[in-house]
>>> print(open('model.txt').read())   # compact mmCIF, C-alpha atoms
# COMPACT_ATOMS: atom_id res chain seq x y z
CA MET A 1 -24.12 -57.11 -86.90
CA THR A 2 -27.74 -56.90 -85.65
CA ILE A 3 -29.02 -56.08 -82.20
CA ASP A 4 -29.93 -59.71 -81.55
CA ASP A 5 -26.65 -61.12 -82.89
CA PRO A 6 -25.87 -64.08 -80.56
CA ASN A 7 -22.18 -63.14 -80.62
CA HIS A 8 -22.97 -59.72 -79.25
CA TYR A 9 -25.71 -58.35 -77.02
CA SER A 10 -29.25 -59.73 -77.15
CA LEU A 11 -32.40 -57.80 -77.92
CA GLY A 12 -33.37 -58.36 -74.29
CA SER A 13 -30.14 -56.68 -73.16
CA PHE A 14 -31.01 -53.66 -75.27
CA PHE A 15 -34.47 -53.43 -73.69
CA ILE A 16 -33.15 -53.73 -70.13
CA ALA A 17 -30.53 -51.07 -70.85
CA LEU A 18 -33.20 -48.74 -72.25
CA ALA A 19 -35.44 -49.37 -69.23
CA SER A 20 -32.49 -48.65 -66.92
CA ILE A 21 -31.88 -45.33 -68.70
CA PHE A 22 -35.49 -44.28 -68.13
CA ILE A 23 -35.63 -45.47 -64.50
CA ALA A 24 -32.24 -44.16 -63.35
CA GLY A 25 -32.66 -40.91 -65.25
CA LYS A 26 -36.02 -40.08 -63.66
CA ILE A 27 -35.19 -41.24 -60.12
CA ILE A 28 -31.91 -39.30 -59.94
CA SER A 29 -33.39 -36.27 -61.73
CA SER A 30 -36.24 -36.23 -59.21
CA ILE A 31 -33.71 -36.07 -56.37
CA PHE A 32 -32.01 -33.08 -57.99
CA VAL A 33 -35.34 -31.33 -58.62
CA ARG A 34 -36.32 -31.90 -54.97
CA PHE A 35 -33.20 -29.97 -53.94
CA LYS A 36 -33.98 -27.23 -56.50
CA GLN A 37 -31.24 -28.26 -58.92
CA PRO A 38 -31.62 -28.66 -62.71
CA GLU A 39 -33.13 -31.91 -63.92
CA VAL A 40 -30.49 -32.24 -66.63
CA LEU A 41 -27.78 -32.50 -63.97
CA GLY A 42 -29.51 -35.57 -62.57
CA GLU A 43 -29.57 -37.12 -66.03
CA LEU A 44 -25.85 -36.48 -66.47
CA ILE A 45 -25.11 -38.11 -63.09
CA ALA A 46 -27.34 -41.06 -64.05
CA GLY A 47 -25.22 -41.46 -67.18
CA VAL A 48 -22.02 -41.49 -65.15
CA LEU A 49 -23.42 -44.22 -62.88
CA LEU A 50 -24.77 -46.35 -65.72
CA GLY A 51 -21.73 -45.98 -67.98
CA SER A 52 -18.57 -45.39 -65.99
CA LEU A 53 -19.56 -47.74 -63.16
CA ALA A 54 -20.48 -50.37 -65.79
CA LEU A 55 -23.92 -50.95 -64.31
CA ILE A 56 -25.15 -51.22 -67.89
CA PRO A 57 -22.20 -52.49 -70.01
CA LEU A 58 -23.93 -51.65 -73.29
CA LEU A 59 -23.60 -47.91 -72.66
CA GLY A 60 -19.84 -48.17 -72.42
CA ASP A 61 -19.46 -50.29 -75.53
CA PRO A 62 -18.33 -48.09 -78.45
CA GLY A 63 -19.59 -50.72 -80.89
CA TYR A 64 -23.14 -50.46 -79.66
CA HIS A 65 -24.22 -47.56 -81.84
CA ILE A 66 -27.97 -47.72 -81.25
CA PHE A 67 -27.80 -45.66 -78.05
CA HIS A 68 -25.64 -43.02 -79.73
CA LEU A 69 -28.18 -42.78 -82.56
CA LEU A 70 -31.04 -42.46 -80.07
CA ALA A 71 -29.06 -39.74 -78.30
CA GLU A 72 -28.66 -37.83 -81.58
CA VAL A 73 -32.41 -38.06 -82.13
CA GLY A 74 -32.87 -36.70 -78.61
CA VAL A 75 -30.65 -33.66 -79.03
CA ALA A 76 -32.20 -32.91 -82.45
CA ILE A 77 -35.68 -32.94 -80.87
CA LEU A 78 -34.40 -30.74 -78.04
CA LEU A 79 -33.08 -28.08 -80.43
CA PHE A 80 -36.26 -28.34 -82.53
CA GLU A 81 -38.30 -27.76 -79.37
CA ILE A 82 -36.11 -24.76 -78.47
CA GLY A 83 -36.56 -23.39 -81.99
CA LEU A 84 -40.35 -23.71 -81.66
CA GLU A 85 -40.24 -21.54 -78.53
CA THR A 86 -37.98 -18.91 -80.13
CA ASP A 87 -39.16 -15.95 -82.19
CA LEU A 88 -36.96 -15.61 -85.28
CA ASN A 89 -37.48 -11.84 -85.45
CA ASP A 90 -36.39 -11.43 -81.84
CA LEU A 91 -33.35 -13.60 -82.54
CA LEU A 92 -32.35 -11.44 -85.52
CA LYS A 93 -32.67 -8.28 -83.40
CA VAL A 94 -29.82 -9.46 -81.17
CA GLY A 95 -27.68 -10.51 -84.15
CA ALA A 96 -24.90 -7.96 -83.53
CA PRO A 97 -24.49 -8.70 -79.79
CA SER A 98 -24.61 -12.45 -80.54
CA LEU A 99 -21.85 -12.04 -83.12
CA ILE A 100 -19.61 -10.14 -80.68
CA VAL A 101 -20.29 -12.68 -77.91
CA ALA A 102 -19.44 -15.52 -80.32
CA ILE A 103 -16.19 -13.90 -81.51
CA ILE A 104 -14.97 -13.25 -77.96
CA GLY A 105 -16.09 -16.75 -76.95
CA VAL A 106 -13.92 -18.24 -79.69
CA VAL A 107 -10.85 -15.99 -79.60
CA ALA A 108 -10.36 -15.78 -75.80
CA PRO A 109 -10.34 -19.52 -75.00
CA PHE A 110 -8.36 -20.34 -78.15
CA VAL A 111 -5.53 -17.91 -77.29
CA LEU A 112 -5.51 -18.89 -73.60
CA GLY A 113 -5.56 -22.61 -74.42
CA PHE A 114 -2.86 -22.30 -77.09
CA TYR A 115 -0.38 -20.56 -74.80
CA SER A 116 -1.22 -22.69 -71.75
CA VAL A 117 0.04 -25.78 -73.62
CA TYR A 118 3.39 -24.04 -74.26
CA ILE A 119 3.64 -22.91 -70.62
CA LEU A 120 2.87 -26.37 -69.24
CA SER A 121 5.36 -27.86 -71.67
CA SER A 122 8.08 -25.46 -70.51
CA TYR A 123 7.58 -26.75 -66.95
CA SER A 124 7.69 -30.39 -68.24
CA LEU A 125 4.15 -31.01 -67.03
CA ILE A 126 3.35 -32.27 -70.53
CA SER A 127 5.83 -33.40 -73.15
CA PHE A 128 5.94 -33.73 -76.93
CA SER A 129 8.39 -35.43 -79.26
CA SER A 130 8.99 -32.34 -81.39
CA GLU A 131 8.20 -28.63 -81.75
CA THR A 132 5.84 -29.48 -84.60
CA ASN A 133 3.82 -31.86 -82.41
CA LEU A 134 3.77 -29.23 -79.67
CA LEU A 135 2.43 -26.64 -82.13
CA PHE A 136 -0.29 -28.94 -83.44
CA ALA A 137 -1.29 -30.06 -79.94
CA ALA A 138 -1.57 -26.40 -78.87
CA LEU A 139 -3.68 -25.62 -81.94
CA THR A 140 -5.95 -28.64 -81.40
CA ILE A 141 -6.46 -28.02 -77.69
CA GLY A 142 -7.07 -24.32 -78.36
CA ALA A 143 -9.64 -25.26 -81.01
CA THR A 144 -11.35 -27.68 -78.61
CA LEU A 145 -11.78 -24.87 -76.09
CA THR A 146 -13.65 -22.70 -78.62
CA ALA A 147 -16.61 -25.08 -78.92
CA THR A 148 -20.04 -24.34 -77.47
CA SER A 149 -22.64 -27.05 -76.92
CA VAL A 150 -25.99 -25.29 -76.73
CA GLY A 151 -28.04 -28.40 -75.91
CA ILE A 152 -27.35 -28.40 -72.17
CA THR A 153 -27.79 -24.64 -71.76
CA ALA A 154 -30.99 -24.70 -73.82
CA ARG A 155 -32.44 -27.47 -71.63
CA VAL A 156 -31.76 -25.50 -68.43
CA LEU A 157 -33.17 -22.27 -69.89
CA SER A 158 -36.27 -24.22 -70.89
CA GLU A 159 -36.62 -25.64 -67.37
CA LEU A 160 -36.32 -22.12 -65.96
CA LYS A 161 -38.87 -20.83 -68.51
CA LYS A 162 -36.34 -18.22 -69.65
CA LEU A 163 -36.20 -19.00 -73.37
CA LYS A 164 -37.92 -15.76 -74.33
CA THR A 165 -35.47 -13.52 -72.46
CA ILE A 166 -32.83 -11.37 -74.16
CA GLU A 167 -30.04 -13.43 -72.59
CA SER A 168 -31.38 -16.69 -74.03
CA LYS A 169 -31.71 -15.21 -77.51
CA ILE A 170 -28.12 -13.94 -77.43
CA ILE A 171 -26.83 -17.33 -76.21
CA LEU A 172 -28.71 -19.24 -78.92
CA GLY A 173 -27.59 -16.84 -81.66
CA ALA A 174 -23.97 -16.90 -80.47
CA ALA A 175 -23.99 -20.72 -80.32
CA VAL A 176 -25.06 -20.93 -83.97
CA ILE A 177 -22.29 -18.49 -84.99
CA ASP A 178 -19.82 -20.45 -82.85
CA ASP A 179 -20.67 -23.58 -84.82
CA VAL A 180 -19.73 -21.87 -88.09
CA MET A 181 -16.53 -20.38 -86.64
CA GLY A 182 -15.63 -23.73 -85.10
CA LEU A 183 -15.94 -25.39 -88.52
CA ILE A 184 -13.49 -22.88 -89.98
CA ILE A 185 -10.97 -23.41 -87.16
CA LEU A 186 -11.32 -27.19 -87.46
CA ALA A 187 -10.75 -26.95 -91.22
CA VAL A 188 -7.58 -24.88 -90.72
CA VAL A 189 -6.11 -27.20 -88.08
CA SER A 190 -7.03 -30.31 -90.09
CA ALA A 191 -5.41 -28.87 -93.22
CA LEU A 192 -2.21 -28.08 -91.34
CA ILE A 193 -1.99 -31.53 -89.76
CA THR A 194 -2.85 -33.40 -92.98
CA SER A 195 -0.35 -31.40 -95.01
CA THR A 196 2.47 -32.02 -92.55
CA ASN A 197 1.67 -35.72 -92.03
CA SER A 198 1.83 -36.25 -95.79
CA GLY A 199 5.35 -34.80 -95.90
CA GLY A 200 4.44 -31.34 -97.18
CA ALA A 201 4.78 -27.92 -95.67
CA ALA A 202 2.24 -26.70 -93.15
CA THR A 203 -0.15 -25.00 -95.56
CA VAL A 204 -3.85 -24.29 -95.52
CA ASP A 205 -6.14 -24.84 -98.50
CA LEU A 206 -7.96 -21.50 -98.44
CA LEU A 207 -10.35 -22.61 -101.18
CA THR A 208 -11.52 -25.57 -99.08
CA ILE A 209 -11.99 -23.36 -96.02
CA GLY A 210 -13.87 -20.81 -98.11
CA LEU A 211 -16.18 -23.52 -99.44
CA ILE A 212 -16.91 -24.81 -95.94
CA MET A 213 -17.65 -21.29 -94.73
CA GLY A 214 -19.84 -20.59 -97.77
CA LYS A 215 -21.83 -23.80 -97.32
CA ALA A 216 -22.37 -23.14 -93.62
CA ILE A 217 -23.51 -19.54 -94.03
CA GLY A 218 -25.45 -20.39 -97.19
CA PHE A 219 -27.38 -23.12 -95.39
CA LEU A 220 -28.41 -20.85 -92.52
CA PHE A 221 -29.65 -18.06 -94.76
CA GLY A 222 -31.10 -20.42 -97.36
CA ALA A 223 -32.99 -22.45 -94.79
CA ILE A 224 -34.61 -19.38 -93.30
CA ILE A 225 -35.39 -17.58 -96.59
CA LEU A 226 -36.60 -20.61 -98.59
CA GLY A 227 -38.29 -22.16 -95.58
CA ASN A 228 -40.38 -19.04 -95.09
CA LEU A 229 -41.70 -19.39 -98.65
CA PHE A 230 -43.26 -22.85 -98.34
CA THR A 231 -43.42 -23.95 -94.68
CA LYS A 232 -46.79 -22.38 -93.83
CA LYS A 233 -48.50 -23.82 -96.93
CA LEU A 234 -46.86 -27.21 -96.39
CA PHE A 235 -48.19 -27.52 -92.85
CA ILE A 236 -51.68 -26.40 -93.82
CA PHE A 237 -51.61 -29.48 -96.09
CA VAL A 238 -50.08 -31.71 -93.36
CA TYR A 239 -52.67 -30.55 -90.83
CA GLY A 240 -55.41 -31.52 -93.27
CA LEU A 241 -54.25 -35.14 -93.46
CA LYS A 242 -56.64 -37.53 -91.72
CA ALA A 243 -54.22 -40.20 -90.55
CA ARG A 244 -53.47 -40.29 -86.82
CA GLY A 245 -50.29 -38.45 -85.81
CA SER A 246 -49.83 -36.76 -89.19
CA LEU A 247 -48.98 -33.34 -87.74
CA LEU A 248 -46.43 -34.63 -85.22
CA LEU A 249 -44.75 -37.01 -87.66
CA GLY A 250 -44.75 -34.34 -90.36
CA ALA A 251 -43.02 -31.93 -87.99
CA LEU A 252 -40.44 -34.57 -86.99
CA ALA A 253 -39.79 -35.50 -90.63
CA TYR A 254 -39.34 -31.79 -91.44
CA THR A 255 -36.88 -31.52 -88.54
CA PHE A 256 -34.84 -34.55 -89.56
CA ILE A 257 -34.66 -33.39 -93.18
CA PHE A 258 -33.29 -30.04 -92.03
CA ALA A 259 -30.81 -31.86 -89.77
CA TYR A 260 -29.64 -33.89 -92.77
CA LEU A 261 -29.28 -30.77 -94.93
CA ALA A 262 -27.28 -29.07 -92.19
CA GLN A 263 -24.88 -32.01 -92.09
CA LEU A 264 -24.52 -31.84 -95.89
CA ALA A 265 -23.53 -28.19 -95.43
CA GLY A 266 -20.87 -29.20 -92.92
CA LEU A 267 -22.84 -27.94 -89.92
CA ALA A 268 -23.90 -29.90 -86.85
CA PRO A 269 -27.29 -31.53 -87.56
CA ILE A 270 -28.75 -29.88 -84.46
CA ILE A 271 -28.39 -26.47 -86.15
CA GLY A 272 -30.73 -27.73 -88.89
CA ALA A 273 -33.16 -28.98 -86.25
CA PHE A 274 -33.07 -25.58 -84.57
CA ALA A 275 -33.73 -23.85 -87.91
CA ALA A 276 -36.71 -26.15 -88.50
CA GLY A 277 -38.14 -25.15 -85.13
CA LEU A 278 -37.70 -21.45 -85.92
CA LEU A 279 -39.64 -21.86 -89.17
CA LEU A 280 -42.46 -23.96 -87.70
CA ALA A 281 -42.81 -21.42 -84.88
CA LYS A 282 -44.28 -19.06 -87.51
CA THR A 283 -47.02 -21.49 -88.61
CA ASN A 284 -50.61 -21.60 -87.35
CA GLN A 285 -50.01 -25.16 -86.10
CA LYS A 286 -47.16 -24.13 -83.78
CA ASP A 287 -49.06 -24.62 -80.50
CA LEU A 288 -50.46 -28.00 -81.57
CA ILE A 289 -47.02 -29.24 -82.63
CA GLU A 290 -45.48 -28.03 -79.37
CA ASP A 291 -48.12 -29.81 -77.30
CA ARG A 292 -47.91 -33.10 -79.21
CA LEU A 293 -44.11 -33.07 -79.19
CA LYS A 294 -43.81 -33.12 -75.38
CA PRO A 295 -44.31 -36.91 -74.85
CA VAL A 296 -41.80 -37.70 -77.61
CA ALA A 297 -39.31 -35.23 -76.14
CA ASP A 298 -39.74 -36.83 -72.70
CA VAL A 299 -38.63 -40.17 -74.18
CA PHE A 300 -35.67 -39.15 -76.32
CA ILE A 301 -34.09 -36.05 -74.75
CA PRO A 302 -32.98 -37.74 -71.48
CA ILE A 303 -31.17 -40.41 -73.53
CA PHE A 304 -28.88 -37.72 -74.95
CA PHE A 305 -27.83 -36.35 -71.56
CA ILE A 306 -27.42 -39.81 -70.05
CA MET A 307 -25.18 -40.81 -72.97
CA VAL A 308 -23.08 -37.65 -72.44
CA GLY A 309 -22.63 -38.68 -68.81
CA SER A 310 -21.88 -42.30 -69.70
CA ALA A 311 -18.86 -41.20 -71.77
CA VAL A 312 -17.09 -40.03 -68.61
CA ASP A 313 -14.16 -42.20 -67.48
CA ILE A 314 -13.96 -41.60 -63.73
CA THR A 315 -10.73 -43.62 -63.40
CA VAL A 316 -8.70 -40.62 -64.65
CA PHE A 317 -9.55 -38.82 -61.39
CA ASN A 318 -7.59 -41.33 -59.29
CA PRO A 319 -4.58 -39.29 -57.99
CA PHE A 320 -2.87 -42.41 -56.64
CA ILE A 321 -2.05 -43.52 -60.18
CA LYS A 322 1.12 -41.66 -61.17
CA GLU A 323 0.16 -41.23 -64.82
CA ASN A 324 -3.04 -39.47 -63.78
CA ILE A 325 -1.30 -36.53 -62.08
CA ALA A 326 -0.30 -34.85 -65.35
CA VAL A 327 -3.74 -35.58 -66.78
CA ILE A 328 -5.44 -33.98 -63.76
CA ILE A 329 -3.20 -30.89 -63.86
CA LEU A 330 -3.74 -30.36 -67.58
CA ALA A 331 -7.49 -30.99 -67.18
CA LEU A 332 -7.80 -28.47 -64.35
CA VAL A 333 -5.82 -25.81 -66.25
CA LEU A 334 -7.97 -26.32 -69.34
CA PHE A 335 -11.12 -26.25 -67.24
CA VAL A 336 -10.22 -22.89 -65.67
CA ILE A 337 -9.37 -21.48 -69.11
CA ALA A 338 -12.58 -22.92 -70.56
CA VAL A 339 -14.68 -21.19 -67.91
CA ILE A 340 -12.85 -17.84 -68.03
CA GLY A 341 -12.75 -17.79 -71.84
CA LYS A 342 -16.54 -18.10 -72.08
CA LEU A 343 -17.41 -15.92 -69.08
CA VAL A 344 -15.67 -12.93 -70.67
CA SER A 345 -17.70 -13.49 -73.85
CA GLY A 346 -20.74 -12.17 -71.99
CA LEU A 347 -19.12 -8.73 -72.10
CA GLY A 348 -19.79 -8.74 -75.83
CA ALA A 349 -23.40 -7.83 -75.06
CA TYR A 350 -22.25 -4.45 -73.72
CA SER A 351 -24.59 -2.50 -76.02
CA ILE A 352 -27.82 -3.86 -74.54
CA LYS A 353 -29.31 -4.29 -71.09
CA ALA A 354 -28.75 -7.94 -70.28
CA ASN A 355 -27.21 -10.14 -67.60
CA LYS A 356 -23.67 -10.53 -68.97
CA LEU A 357 -22.74 -13.17 -66.39
CA VAL A 358 -25.66 -15.41 -67.42
CA ILE A 359 -24.69 -15.07 -71.09
CA GLY A 360 -21.13 -16.10 -70.28
CA ILE A 361 -22.29 -19.06 -68.17
CA GLY A 362 -24.62 -20.16 -70.96
CA MET A 363 -21.66 -20.40 -73.35
CA ILE A 364 -19.54 -22.59 -71.01
CA PRO A 365 -20.61 -26.19 -71.87
CA ARG A 366 -18.45 -27.89 -74.52
CA GLY A 367 -20.39 -31.16 -74.59
CA GLU A 368 -20.23 -33.37 -77.70
CA VAL A 369 -18.92 -30.49 -79.84
CA GLY A 370 -15.68 -30.28 -77.87
CA LEU A 371 -15.25 -34.06 -78.04
CA ILE A 372 -15.41 -33.94 -81.85
CA PHE A 373 -12.41 -31.61 -81.89
CA ALA A 374 -10.53 -33.74 -79.37
CA SER A 375 -11.30 -36.96 -81.27
CA MET A 376 -9.74 -35.47 -84.40
CA GLY A 377 -6.56 -34.75 -82.45
CA LEU A 378 -6.46 -38.31 -81.09
CA ALA A 379 -7.16 -39.90 -84.48
CA THR A 380 -4.36 -37.94 -86.18
CA GLY A 381 -1.86 -38.70 -83.41
CA VAL A 382 -1.55 -35.04 -82.38
CA LEU A 383 -2.97 -35.77 -78.94
CA SER A 384 -1.82 -38.67 -76.81
CA ASN A 385 -4.29 -40.77 -74.83
CA SER A 386 -3.36 -38.75 -71.73
CA ASP A 387 -3.93 -35.43 -73.50
CA TYR A 388 -7.24 -36.70 -74.84
CA SER A 389 -8.29 -37.82 -71.34
CA ALA A 390 -7.47 -34.37 -69.98
CA VAL A 391 -9.55 -32.69 -72.68
CA THR A 392 -12.39 -35.13 -72.01
CA VAL A 393 -12.32 -34.23 -68.30
CA MET A 394 -12.42 -30.52 -69.24
CA VAL A 395 -15.43 -31.15 -71.50
CA MET A 396 -17.17 -33.11 -68.77
CA LEU A 397 -16.55 -30.48 -66.07
CA THR A 398 -17.82 -27.63 -68.25
CA THR A 399 -20.86 -29.75 -69.05
CA PHE A 400 -21.59 -30.35 -65.37
CA ILE A 401 -20.86 -26.87 -64.01
CA ALA A 402 -23.12 -24.82 -66.29
CA PRO A 403 -26.57 -26.10 -65.14
CA PRO A 404 -26.16 -25.32 -61.40
CA LEU A 405 -24.54 -21.96 -62.19
CA LEU A 406 -27.45 -20.99 -64.44
CA TYR A 407 -29.87 -22.01 -61.71
CA ARG A 408 -27.91 -19.98 -59.17
CA PHE A 409 -27.58 -16.77 -61.18
CA TYR A 410 -30.69 -16.82 -63.37
CA LYS A 411 -33.46 -18.16 -61.18
CA ASP A 412 -36.06 -15.69 -59.89
>>> encode(input="model.txt", output="structure tokens")
Amino acid sequence: MTIDDPNHYSLGSFFIALASIFIAGKIISSIFVRFKQPEVLGELIAGVLLGSLALIPLLGDPGYHIFHLLAEVGVAILLFEIGLETDLNDLLKVGAPSLIVAIIGVVAPFVLGFYSVYILSSYSLISFSSETNLLFAALTIGATLTATSVGITARVLSELKKLKTIESKIILGAAVIDDVMGLIILAVVSALITSTNSGGAATVDLLTIGLIMGKAIGFLFGAIILGNLFTKKLFIFVYGLKARGSLLLGALAYTFIFAYLAQLAGLAPIIGAFAAGLLLAKTNQKDLIEDRLKPVADVFIPIFFIMVGSAVDITVFNPFIKENIAVIILALVLFVIAVIGKLVSGLGAYSIKANKLVIGIGMIPRGEVGLIFASMGLATGVLSNSDYSAVTVMVMLTTFIAPPLLYRFYKD
């Protein structure tokens, strides 16, 4: 099916939807900026209005993949831009605190989420057909709560011009480690569910998990070590090309290749984009790339946040629909756990002088990463539509709460 397929949406519909994204995003963001609130929050609200209120039907159509692809380009450029503004040596210096923050930020919400499902089930607030389904639902929901989506936090830190602070470096480092740990947890839960659904015992293929872990860690170290060997020479050559836009397009191509390699390694593509930014930050062309990237970033990055907002189904908040009560209760419990579980992770930076509260707040957003975990649970039948809706609400609330909290506690 093509964009201009007469049986679907027209090319003109695509253009008007794209124009609406740009117009609504900037108008609403400007209102938030006027009241000294983060611009990204305005973009998220714009997404809710355009998607959930069906002002632009295309955004709510799961078959219309072009906007989702544009959003992925946007978040990759965002993480590349963040990488460009980050000093790799400074990031490595906070490796130990980042590791501790990441471990606490995974273990605390997982344990709290796992047992909350059992407690809610004991009070009949949620129900499952069997103990096995209850166990898998608890594991899946617990795993969903471990996720960290660094895109939203990184955007706010960039707006606040705080990317070079110790807190930002710890958050970025911990988010990368979280991604690797999240992969391992997802592999374990998937193996358990797959094994049981196929009629076998609940076993975990340790070899598969080991391979996933090896690929993830191997990519991160390999990208940095090998990239350091050829990146500077490569971009001396790219800079010497005479064609218009060679440096910018070369940098973007480099970013997208790293994003692809990250996905091959089982990591989120944005981790590859971030690694590309870290490497290009050490080249002589860093300032030129950063300057020329800004107009491109201004086009694509808002699409990502508007698409995150457009995924919100506001109908689940209607308390007058009986079925929504259990969804709202579960969502609120998970939201409280999600916030507490990440706030305590800031204590992991105990060995250095840093704002622990800001670090914890920066780890709160679940974003698209949390939805990946939840989607797996829905696809395998572990989570019902109601459970999935509750998890989606939790993801949305954590996504919305972090920007204003960062502005409140980290602004000069």
>>> closest_residue(input="model.txt", among="A:Ile126, A:Ile103, A:Leu18, A:Leu234", to="Ala326 (chain A)", atoms="all atoms listed in the file")
A:Ile126
>>> residues_near_point(input="model.txt", point="(-12.5, -20.4, -78.6)", cutoff="10 Å", atoms="only C-alpha atoms", output="ChimeraX atom specification")
/A:102-114,141-148,178,181-182,185,338,341-342,345
>>> closest_residue(input="model.txt", among="A:Phe14, A:Tyr260, A:Phe304, A:Tyr115", to="Val40 (chain A)", atoms="only C-alpha atoms")
A:Phe304
>>> atom_distance(input="model.txt", atom1="CA of Glu85 (chain A)", atom2="CA of Tyr254 (chain A)")
16.5 Å
>>> closest_residue(input="model.txt", among="A:Ile329, A:Ala297, A:Ala175, A:Ile77", to="Ile100 (chain A)", atoms="all atoms listed in the file")
A:Ala175
>>> atom_distance(input="model.txt", atom1="CA of Val382 (chain A)", atom2="CA of Ala311 (chain A)")
21.2 Å
>>> atom_distance(input="model.txt", atom1="CA of Leu406 (chain A)", atom2="CA of Leu172 (chain A)")
14.6 Å
>>> closest_residue(input="model.txt", among="A:Phe400, A:Ser116, A:Glu167, A:Ser149", to="Val333 (chain A)", atoms="all atoms listed in the file")
A:Ser116
>>> closest_residue(input="model.txt", among="A:Ser246, A:Asn89, A:Thr231, A:Ser10", to="Lys164 (chain A)", atoms="only C-alpha atoms")
A:Asn89
>>> closest_residue(input="model.txt", among="A:Ala17, A:Ala331, A:Val395, A:Leu41", to="Glu159 (chain A)", atoms="only C-alpha atoms")
A:Leu41
>>> residues_around(input="model.txt", residues="Ser30 (chain A)", least_positions_apart="6", cutoff="10 Å", atoms="only C-alpha atoms", output="PyMOL selection string")
chain A and resi 24+36-39+42-43
>>> residues_around(input="model.txt", residues="Ile236 (chain A)", least_positions_apart="5", cutoff="12 Å", atoms="all atoms listed in the file", output="MDAnalysis selection string")
chainID A and resid 230:231 241 246:247 250:251 280 283:286
>>> write_last_selection(input="model.txt", atoms="C-alpha atoms", output="PDB file, in the frame of the given file")
ATOM      1  CA  PHE A 230     -43.260 -22.850 -98.340  1.00  0.00           C
ATOM      2  CA  THR A 231     -43.420 -23.950 -94.680  1.00  0.00           C
ATOM      3  CA  LEU A 241     -54.250 -35.140 -93.460  1.00  0.00           C
ATOM      4  CA  SER A 246     -49.830 -36.760 -89.190  1.00  0.00           C
ATOM      5  CA  LEU A 247     -48.980 -33.340 -87.740  1.00  0.00           C
ATOM      6  CA  GLY A 250     -44.750 -34.340 -90.360  1.00  0.00           C
ATOM      7  CA  ALA A 251     -43.020 -31.930 -87.990  1.00  0.00           C
ATOM      8  CA  LEU A 280     -42.460 -23.960 -87.700  1.00  0.00           C
ATOM      9  CA  THR A 283     -47.020 -21.490 -88.610  1.00  0.00           C
ATOM     10  CA  ASN A 284     -50.610 -21.600 -87.350  1.00  0.00           C
ATOM     11  CA  GLN A 285     -50.010 -25.160 -86.100  1.00  0.00           C
ATOM     12  CA  LYS A 286     -47.160 -24.130 -83.780  1.00  0.00           C
TER      13      LYS A 286
END
>>> residues_near_point(input="model.txt", point="(-35.6, -22.9, -72.1)", cutoff="10 Å", atoms="all atoms listed in the file", output="PyMOL selection string")
chain A and resi 78+81-83+85-86+152-165+168
>>> decode(input="model.txt", residues="region 33-52 of chain A", atoms="C-alpha atoms", output="mmCIF file, in the first residue's frame")
data_model
loop_
_atom_site.group_PDB
_atom_site.id
_atom_site.type_symbol
_atom_site.label_atom_id
_atom_site.label_comp_id
_atom_site.auth_asym_id
_atom_site.auth_seq_id
_atom_site.Cartn_x
_atom_site.Cartn_y
_atom_site.Cartn_z
ATOM 1 C CA VAL A 33 7.435 28.156 27.228
ATOM 2 C CA ARG A 34 5.620 31.434 27.997
ATOM 3 C CA PHE A 35 4.634 29.978 31.373
ATOM 4 C CA LYS A 36 8.209 28.736 31.943
ATOM 5 C CA GLN A 37 7.375 25.079 31.337
ATOM 6 C CA PRO A 38 9.378 22.658 29.145
ATOM 7 C CA GLU A 39 8.737 22.839 25.416
ATOM 8 C CA VAL A 40 8.567 19.056 25.162
ATOM 9 C CA LEU A 41 5.503 19.026 27.429
ATOM 10 C CA GLY A 42 3.693 21.215 24.916
ATOM 11 C CA GLU A 43 4.594 18.787 22.143
ATOM 12 C CA LEU A 44 3.238 15.864 24.155
ATOM 13 C CA ILE A 45 -0.033 17.727 24.781
ATOM 14 C CA ALA A 46 -0.228 18.596 21.072
ATOM 15 C CA GLY A 47 0.071 14.879 20.328
ATOM 16 C CA VAL A 48 -2.773 14.063 22.702
ATOM 17 C CA LEU A 49 -5.010 16.642 21.007
ATOM 18 C CA LEU A 50 -4.133 15.562 17.467
ATOM 19 C CA GLY A 51 -4.306 11.823 18.141
ATOM 20 C CA SER A 52 -6.700 11.014 20.949
#
